[in-house]
file final-v9.txt (compact mmCIF, C-alpha atoms and all ligand atoms)
# COMPACT_ATOMS: atom_id res chain seq x y z
CA MET A 1 18.55 14.50 -8.18
CA LYS A 2 15.98 13.92 -10.98
CA ASN A 3 17.47 10.63 -12.11
CA LYS A 4 17.74 9.12 -8.65
CA PRO A 5 15.35 6.30 -7.75
CA ILE A 6 12.03 6.45 -5.95
CA GLY A 7 12.09 4.52 -2.66
CA VAL A 8 9.04 2.39 -1.89
CA PHE A 9 8.55 0.36 1.26
CA ASP A 10 6.08 -2.08 2.74
CA SER A 11 5.93 -4.62 5.54
CA GLY A 12 6.52 -7.34 2.96
CA LEU A 13 5.86 -8.09 -0.67
CA GLY A 14 2.34 -6.65 -0.84
CA GLY A 15 3.67 -3.20 -1.69
CA LEU A 16 4.73 -4.60 -5.07
CA THR A 17 1.11 -3.84 -6.08
CA VAL A 18 2.11 -0.18 -5.69
CA VAL A 19 5.32 -0.78 -7.67
CA LYS A 20 3.23 -2.34 -10.46
CA ALA A 21 1.01 0.76 -10.61
CA LEU A 22 4.08 3.04 -10.53
CA LYS A 23 5.78 1.15 -13.36
CA GLU A 24 2.68 1.57 -15.51
CA ILE A 25 2.34 5.30 -14.97
CA LEU A 26 6.03 6.29 -14.56
CA PRO A 27 8.03 4.11 -16.99
CA ASN A 28 11.15 6.32 -16.77
CA GLU A 29 11.56 5.99 -13.02
CA SER A 30 13.87 3.56 -11.26
CA ILE A 31 12.56 2.07 -8.04
CA LEU A 32 14.18 0.82 -4.83
CA TYR A 33 11.74 -1.50 -3.10
CA PHE A 34 12.15 -2.46 0.55
CA GLY A 35 10.02 -5.31 1.91
CA ASP A 36 10.37 -5.89 5.65
CA THR A 37 9.65 -9.59 5.23
CA ALA A 38 11.29 -10.63 8.53
CA ARG A 39 8.95 -8.46 10.59
CA LEU A 40 5.70 -8.87 8.62
CA PRO A 41 2.82 -8.54 9.48
CA TYR A 42 2.66 -4.92 10.64
CA GLY A 43 -1.13 -5.05 10.81
CA VAL A 44 -1.22 -6.54 14.30
CA LYS A 45 1.71 -4.58 15.82
CA SER A 46 1.86 -1.50 18.04
CA ARG A 47 2.26 2.06 16.78
CA ASP A 48 5.67 2.49 18.49
CA LEU A 49 7.10 -0.59 16.82
CA ILE A 50 5.77 0.34 13.38
CA ILE A 51 7.26 3.86 13.76
CA GLN A 52 10.62 2.36 14.75
CA TYR A 53 10.65 -0.01 11.73
CA SER A 54 9.49 2.71 9.32
CA MET A 55 12.20 5.13 10.51
CA GLN A 56 14.90 2.47 9.98
CA ILE A 57 13.67 1.72 6.48
CA ALA A 58 13.31 5.38 5.46
CA ASN A 59 16.90 5.96 6.65
CA PHE A 60 18.07 3.03 4.55
CA LEU A 61 16.28 4.28 1.43
CA ILE A 62 17.62 7.82 1.86
CA LYS A 63 21.18 6.49 2.35
CA ASN A 64 20.65 4.62 -0.92
CA ASP A 65 19.80 7.86 -2.73
CA ALA A 66 15.99 7.82 -2.86
CA LYS A 67 14.66 11.16 -4.17
CA MET A 68 11.19 10.47 -2.79
CA ILE A 69 9.70 7.88 -0.43
CA ILE A 70 6.39 6.16 -0.96
CA VAL A 71 4.95 4.36 2.06
CA ALA A 72 3.11 1.59 0.22
CA CYS A 73 1.93 -0.06 3.43
CA ASN A 74 -1.45 1.20 4.68
CA THR A 75 -0.60 0.24 8.26
CA ALA A 76 2.75 2.09 8.20
CA THR A 77 1.05 5.09 6.58
CA ALA A 78 -1.59 5.13 9.33
CA MET A 79 0.96 4.84 12.14
CA ALA A 80 4.17 6.46 10.94
CA LEU A 81 3.70 8.84 7.99
CA GLU A 82 3.58 12.04 10.05
CA VAL A 83 6.65 11.02 12.09
CA LEU A 84 8.57 10.25 8.89
CA LYS A 85 7.62 13.59 7.33
CA ASN A 86 8.74 15.44 10.48
CA ASN A 87 12.05 13.62 10.57
CA PHE A 88 13.02 13.69 6.90
CA LYS A 89 12.18 17.10 5.54
CA ASP A 90 14.52 17.15 2.52
CA ILE A 91 12.59 14.79 0.26
CA PRO A 92 8.85 14.24 -0.37
CA ILE A 93 7.35 11.37 1.64
CA ILE A 94 3.86 10.23 0.73
CA GLY A 95 1.55 7.49 1.95
CA VAL A 96 -1.39 5.58 0.51
CA ILE A 97 -4.20 6.88 2.72
CA GLU A 98 -4.67 10.44 1.45
CA PRO A 99 -4.70 9.64 -2.30
CA GLY A 100 -7.08 6.70 -1.74
CA SER A 101 -9.40 8.91 0.29
CA ILE A 102 -9.44 11.68 -2.32
CA GLN A 103 -10.19 9.15 -5.07
CA ALA A 104 -13.02 7.61 -3.01
CA SER A 105 -14.60 11.01 -2.33
CA LEU A 106 -14.55 11.70 -6.08
CA ASP A 107 -16.15 8.33 -6.86
CA SER A 108 -18.86 8.42 -4.18
CA LYS A 109 -22.21 10.03 -4.90
CA SER A 110 -23.96 8.99 -1.67
CA LYS A 111 -20.99 10.09 0.51
CA LYS A 112 -21.23 6.73 2.25
CA ILE A 113 -17.83 5.10 1.94
CA GLY A 114 -16.59 1.72 3.22
CA VAL A 115 -12.98 1.10 4.23
CA ILE A 116 -11.42 -2.33 4.72
CA GLY A 117 -7.92 -2.92 6.10
CA THR A 118 -5.79 -4.55 8.78
CA VAL A 119 -6.69 -4.35 12.47
CA ALA A 120 -4.06 -1.62 13.03
CA THR A 121 -5.21 0.51 10.08
CA ILE A 122 -8.89 0.31 11.01
CA ASN A 123 -8.26 0.94 14.74
CA SER A 124 -6.13 3.99 13.92
CA LYS A 125 -9.13 5.63 12.20
CA ALA A 126 -6.63 7.15 9.76
CA TYR A 127 -9.00 6.69 6.79
CA ASP A 128 -11.94 8.20 8.73
CA ILE A 129 -9.82 11.27 9.50
CA ALA A 130 -8.49 11.58 5.93
CA LEU A 131 -11.97 11.16 4.37
CA ASN A 132 -13.51 13.73 6.70
CA LEU A 133 -10.71 16.18 5.92
CA VAL A 134 -11.66 15.89 2.24
CA ASP A 135 -15.38 16.26 2.98
CA LYS A 136 -16.84 16.34 6.48
CA GLU A 137 -20.19 15.06 5.24
CA ILE A 138 -18.73 11.69 4.31
CA GLN A 139 -19.95 8.81 6.47
CA VAL A 140 -17.32 6.13 6.93
CA PHE A 141 -18.12 2.45 7.50
CA SER A 142 -15.00 0.46 8.30
CA LYS A 143 -14.19 -3.17 8.83
CA GLU A 144 -10.98 -4.99 9.69
CA CYS A 145 -10.44 -8.07 7.54
CA PRO A 146 -7.47 -9.91 9.13
CA LEU A 147 -7.92 -13.15 7.18
CA PHE A 148 -7.51 -11.53 3.76
CA VAL A 149 -3.69 -11.12 4.04
CA PRO A 150 -2.92 -14.81 4.78
CA PHE A 151 -5.34 -15.93 2.04
CA VAL A 152 -3.57 -13.75 -0.54
CA GLU A 153 -0.18 -14.97 0.70
CA GLU A 154 -1.36 -18.54 0.16
CA GLY A 155 -2.42 -17.60 -3.37
CA MET A 156 -6.04 -18.40 -2.43
CA VAL A 157 -7.54 -15.45 -4.29
CA GLU A 158 -10.48 -17.37 -5.72
CA GLY A 159 -12.65 -20.37 -4.77
CA GLU A 160 -15.13 -21.40 -2.15
CA ALA A 161 -13.02 -20.61 0.94
CA ILE A 162 -12.26 -16.99 0.04
CA ASN A 163 -15.86 -16.47 -1.17
CA LEU A 164 -17.10 -17.42 2.31
CA ILE A 165 -14.64 -15.06 4.00
CA VAL A 166 -15.61 -12.23 1.63
CA GLU A 167 -19.26 -12.81 2.46
CA HIS A 168 -18.48 -12.94 6.20
CA TYR A 169 -16.60 -9.62 6.20
CA LEU A 170 -18.48 -7.64 3.59
CA SER A 171 -22.17 -8.52 3.99
CA SER A 172 -22.85 -5.51 6.21
CA PHE A 173 -21.66 -3.15 3.46
CA LYS A 174 -24.34 -4.24 0.98
CA ASN A 175 -26.99 -1.55 0.36
CA ASN A 176 -25.10 0.73 2.75
CA ILE A 177 -22.31 2.33 0.75
CA ASP A 178 -21.57 3.13 -2.90
CA THR A 179 -17.75 3.13 -2.69
CA MET A 180 -15.22 0.94 -0.86
CA ILE A 181 -11.52 1.61 -0.29
CA LEU A 182 -9.27 -1.44 -0.46
CA GLY A 183 -7.07 -0.15 2.37
CA CYS A 184 -4.35 -2.80 2.36
CA THR A 185 -1.53 -3.69 -0.03
CA HIS A 186 -2.84 -7.22 -0.49
CA TYR A 187 -6.45 -6.44 -1.33
CA PRO A 188 -6.04 -5.42 -5.00
CA LEU A 189 -5.44 -9.14 -5.62
CA LEU A 190 -8.87 -9.89 -4.19
CA LYS A 191 -10.61 -7.30 -6.37
CA PRO A 192 -12.34 -9.88 -8.64
CA VAL A 193 -13.89 -11.88 -5.74
CA ILE A 194 -14.80 -8.74 -3.81
CA LYS A 195 -16.36 -7.15 -6.91
CA ASP A 196 -18.28 -10.32 -7.59
CA PHE A 197 -19.82 -10.11 -4.11
CA VAL A 198 -20.40 -6.35 -3.70
CA LYS A 199 -21.51 -5.94 -7.36
CA ASP A 200 -22.24 -2.26 -8.01
CA ILE A 201 -20.10 -0.78 -5.21
CA ASN A 202 -17.10 1.14 -6.68
CA LEU A 203 -13.79 -0.29 -5.49
CA VAL A 204 -10.94 2.16 -4.89
CA ASP A 205 -7.53 0.60 -5.22
CA SER A 206 -5.10 2.69 -3.16
CA ALA A 207 -2.16 1.39 -5.26
CA SER A 208 -3.38 3.14 -8.43
CA ALA A 209 -4.37 6.25 -6.48
CA ILE A 210 -0.91 6.67 -4.95
CA ALA A 211 0.86 6.13 -8.28
CA THR A 212 -1.12 9.01 -9.81
CA HIS A 213 -0.38 11.16 -6.75
CA ALA A 214 3.35 10.32 -6.90
CA LYS A 215 3.46 11.45 -10.52
CA SER A 216 1.86 14.79 -9.69
CA ILE A 217 4.38 15.38 -6.85
CA LEU A 218 7.33 14.55 -9.12
CA ILE A 219 6.04 17.01 -11.74
CA LYS A 220 5.38 19.73 -9.15
CA LYS A 221 8.86 19.38 -7.63
CA SER A 222 10.62 19.00 -11.03
CA LEU A 223 11.84 15.56 -10.01
CA MET A 224 10.72 13.49 -13.03
CA SER A 225 13.53 11.29 -14.36
CA GLU A 226 14.99 12.25 -17.73
CA VAL A 227 16.28 8.75 -18.46
CA VAL A 228 13.90 7.24 -20.99
CA ASN A 229 12.49 3.83 -20.05
CA SER A 230 15.00 3.21 -17.24
CA ASN A 231 12.34 1.41 -15.21
CA GLU A 232 14.83 -0.52 -13.04
CA LEU A 233 13.61 -2.28 -9.95
CA GLU A 234 16.00 -3.17 -7.14
CA CYS A 235 14.50 -5.08 -4.21
CA PHE A 236 15.71 -5.39 -0.62
CA VAL A 237 14.19 -7.72 1.97
CA THR A 238 14.91 -8.47 5.64
CA ASP A 239 14.32 -12.20 5.20
CA LEU A 240 14.11 -14.40 2.14
CA PRO A 241 10.63 -15.85 2.35
CA ARG A 242 10.14 -19.41 1.21
CA LYS A 243 7.76 -18.40 -1.54
CA PHE A 244 9.43 -15.12 -2.48
CA GLU A 245 9.59 -15.62 -6.23
CA LYS A 246 6.07 -16.99 -6.58
CA LEU A 247 4.53 -14.32 -4.36
CA GLY A 248 6.59 -11.48 -5.81
CA GLU A 249 5.41 -12.48 -9.26
CA ILE A 250 1.76 -12.52 -8.16
CA PHE A 251 2.00 -9.02 -6.67
CA LEU A 252 4.12 -7.48 -9.43
CA GLY A 253 2.56 -9.29 -12.39
CA GLU A 254 5.99 -10.12 -13.85
CA THR A 255 9.08 -12.11 -12.87
CA ILE A 256 11.08 -10.58 -10.09
CA LYS A 257 14.86 -10.27 -9.82
CA GLN A 258 16.31 -11.94 -6.69
CA PRO A 259 16.33 -9.33 -3.92
CA GLN A 260 19.22 -8.36 -1.71
CA LEU A 261 19.02 -9.55 1.90
CA ILE A 262 19.51 -6.72 4.41
CA ASP A 263 19.98 -7.92 7.97
CA ASP A 264 21.95 -5.12 9.66
CA PHE A 265 20.65 -1.65 9.09
N1 LIG A 301 1.14 -4.09 4.15
C1 LIG A 301 0.08 -4.17 5.13
C2 LIG A 301 -0.95 -3.06 4.84
O1 LIG A 301 -1.07 -2.53 3.75
C3 LIG A 301 -0.59 -5.52 5.09
C4 LIG A 301 0.28 -6.66 5.61
C5 LIG A 301 0.72 -6.49 7.05
O2 LIG A 301 -0.12 -6.62 7.98
O3 LIG A 301 1.89 -6.22 7.27
O4 LIG A 301 -1.66 -2.68 5.75

call {"tool": "encode", "arguments": {"input": "final-v9.txt", "output": "structure tokens"}}
result
Amino acid sequence: MKNKPIGVFDSGLGGLTVVKALKEILPNESILYFGDTARLPYGVKSRDLIIQYSMQIANFLIKNDAKMIIVACNTATAMALEVLKNNFKDIPIIGVIEPGSIQASLDSKSKKIGVIGTVATINSKAYDIALNLVDKEIQVFSKECPLFVPFVEEGMVEGEAINLIVEHYLSSFKNNIDTMILGCTHYPLLKPVIKDFVKDINLVDSASAIATHAKSILIKKSLMSEVVNSNELECFVTDLPRKFEKLGEIFLGETIKQPQLIDDF
């Protein structure tokens, strides 16, 4: 069991930011990455549909020997994590929202925390619930930022256009909060422009937080791989996006091996 891969899934390629963080902190682990590129974006879809997609993908990863599943997508975590945990009890299944919330509560002194994400994630109030479970005195200020995902996908992570959008979405946070959770797979790529605008607000990147959490679960369950530096990454997608290689490289920070197309699962 120990040397089996970790399964990671997202609505598309954005979850490769989580893979990048995992590769840094767990160099001996092999990873199966599933990007549901045909059905992206999840951020504007209904809960029932996101649960249905997430169940299909979890089944696929388990059939392909995953020893643990990481839901890299914030939207899928908000909508489907509990259903996945109830349906697949034999392996650990973790999502990005809890680790990000714990990290934010540790970073925040004022207990005033901002959360940005997709429409579905923000409407679900999943971060509000998770933050208040950690500490019920935390005040949560959330904001959906639907234009951030297409900007990142266009590679427009700096320049005048994104600066205006950042200002439009994030102005109300200034002087209000001391910590902000980047509650979407794509937002770590906007960290420099966001930081430039919000200045002294701490930014919590849920990708790094979940990688640290995954490591602690693997240790606790004696599931750490014993193969030194295996670090293999196998990718599966439901459609081959036009810009797959370019985008994959941006998210992962290194060249990406051509993924396998899965169209009947
Ligand atoms: N992966 C999604 C998330 O983290 C963003 C992209 C989408 O809407 O599917 O919420």

call {"tool": "residues_near_ligand", "arguments": {"input": "final-v9.txt", "ligand": "ligand LIG 301 (chain A)", "cutoff": "10 Å", "atoms": "only C-alpha atoms and all ligand atoms", "output": "mmCIF file with C-alpha atoms, in the coordinates of the input"}}
result
data_model
loop_
_atom_site.group_PDB
_atom_site.id
_atom_site.type_symbol
_atom_site.label_atom_id
_atom_site.label_comp_id
_atom_site.auth_asym_id
_atom_site.auth_seq_id
_atom_site.Cartn_x
_atom_site.Cartn_y
_atom_site.Cartn_z
ATOM 1 C CA PHE A 9 8.550 0.360 1.260
ATOM 2 C CA ASP A 10 6.080 -2.080 2.740
ATOM 3 C CA SER A 11 5.930 -4.620 5.540
ATOM 4 C CA GLY A 12 6.520 -7.340 2.960
ATOM 5 C CA LEU A 13 5.860 -8.090 -0.670
ATOM 6 C CA GLY A 14 2.340 -6.650 -0.840
ATOM 7 C CA GLY A 15 3.670 -3.200 -1.690
ATOM 8 C CA LEU A 16 4.730 -4.600 -5.070
ATOM 9 C CA GLY A 35 10.020 -5.310 1.910
ATOM 10 C CA ASP A 36 10.370 -5.890 5.650
ATOM 11 C CA THR A 37 9.650 -9.590 5.230
ATOM 12 C CA ARG A 39 8.950 -8.460 10.590
ATOM 13 C CA LEU A 40 5.700 -8.870 8.620
ATOM 14 C CA PRO A 41 2.820 -8.540 9.480
ATOM 15 C CA TYR A 42 2.660 -4.920 10.640
ATOM 16 C CA GLY A 43 -1.130 -5.050 10.810
ATOM 17 C CA VAL A 44 -1.220 -6.540 14.300
ATOM 18 C CA LYS A 45 1.710 -4.580 15.820
ATOM 19 C CA ILE A 50 5.770 0.340 13.380
ATOM 20 C CA VAL A 71 4.950 4.360 2.060
ATOM 21 C CA ALA A 72 3.110 1.590 0.220
ATOM 22 C CA CYS A 73 1.930 -0.060 3.430
ATOM 23 C CA ASN A 74 -1.450 1.200 4.680
ATOM 24 C CA THR A 75 -0.600 0.240 8.260
ATOM 25 C CA ALA A 76 2.750 2.090 8.200
ATOM 26 C CA THR A 77 1.050 5.090 6.580
ATOM 27 C CA ALA A 78 -1.590 5.130 9.330
ATOM 28 C CA VAL A 96 -1.390 5.580 0.510
ATOM 29 C CA ILE A 97 -4.200 6.880 2.720
ATOM 30 C CA ILE A 116 -11.420 -2.330 4.720
ATOM 31 C CA GLY A 117 -7.920 -2.920 6.100
ATOM 32 C CA THR A 118 -5.790 -4.550 8.780
ATOM 33 C CA VAL A 119 -6.690 -4.350 12.470
ATOM 34 C CA ALA A 120 -4.060 -1.620 13.030
ATOM 35 C CA THR A 121 -5.210 0.510 10.080
ATOM 36 C CA ILE A 122 -8.890 0.310 11.010
ATOM 37 C CA PRO A 146 -7.470 -9.910 9.130
ATOM 38 C CA PHE A 148 -7.510 -11.530 3.760
ATOM 39 C CA VAL A 149 -3.690 -11.120 4.040
ATOM 40 C CA PRO A 150 -2.920 -14.810 4.780
ATOM 41 C CA GLU A 153 -0.180 -14.970 0.700
ATOM 42 C CA LEU A 182 -9.270 -1.440 -0.460
ATOM 43 C CA GLY A 183 -7.070 -0.150 2.370
ATOM 44 C CA CYS A 184 -4.350 -2.800 2.360
ATOM 45 C CA THR A 185 -1.530 -3.690 -0.030
ATOM 46 C CA HIS A 186 -2.840 -7.220 -0.490
ATOM 47 C CA TYR A 187 -6.450 -6.440 -1.330
ATOM 48 C CA SER A 206 -5.100 2.690 -3.160
ATOM 49 C CA ALA A 207 -2.160 1.390 -5.260
#

call {"tool": "closest_residue", "arguments": {"input": "final-v9.txt", "among": "A:Ile165, A:Asp65, A:Ala126, A:Ile31", "to": "Cys145 (chain A)", "atoms": "only C-alpha atoms"}}
result
A:Ile165

call {"tool": "residues_near_point", "arguments": {"input": "final-v9.txt", "point": "(-2.5, -13.1, -3.4)", "cutoff": "7 Å", "atoms": "only C-alpha atoms", "output": "MDAnalysis selection string"}}
result
chainID A and resid 151:157 186 189 250:251

call {"tool": "residues_near_point", "arguments": {"input": "final-v9.txt", "point": "(15.6, -11.1, 7.1)", "cutoff": "6 Å", "atoms": "all atoms listed in the file", "output": "ChimeraX atom specification"}}
result
/A:38,238-239,263

call {"tool": "atom_distance", "arguments": {"input": "final-v9.txt", "atom1": "CA of Ser30 (chain A)", "atom2": "CA of Glu82 (chain A)"}}
result
25.1 Å

call {"tool": "atom_distance", "arguments": {"input": "final-v9.txt", "atom1": "CA of Ile6 (chain A)", "atom2": "CA of Met68 (chain A)"}}
result
5.2 Å
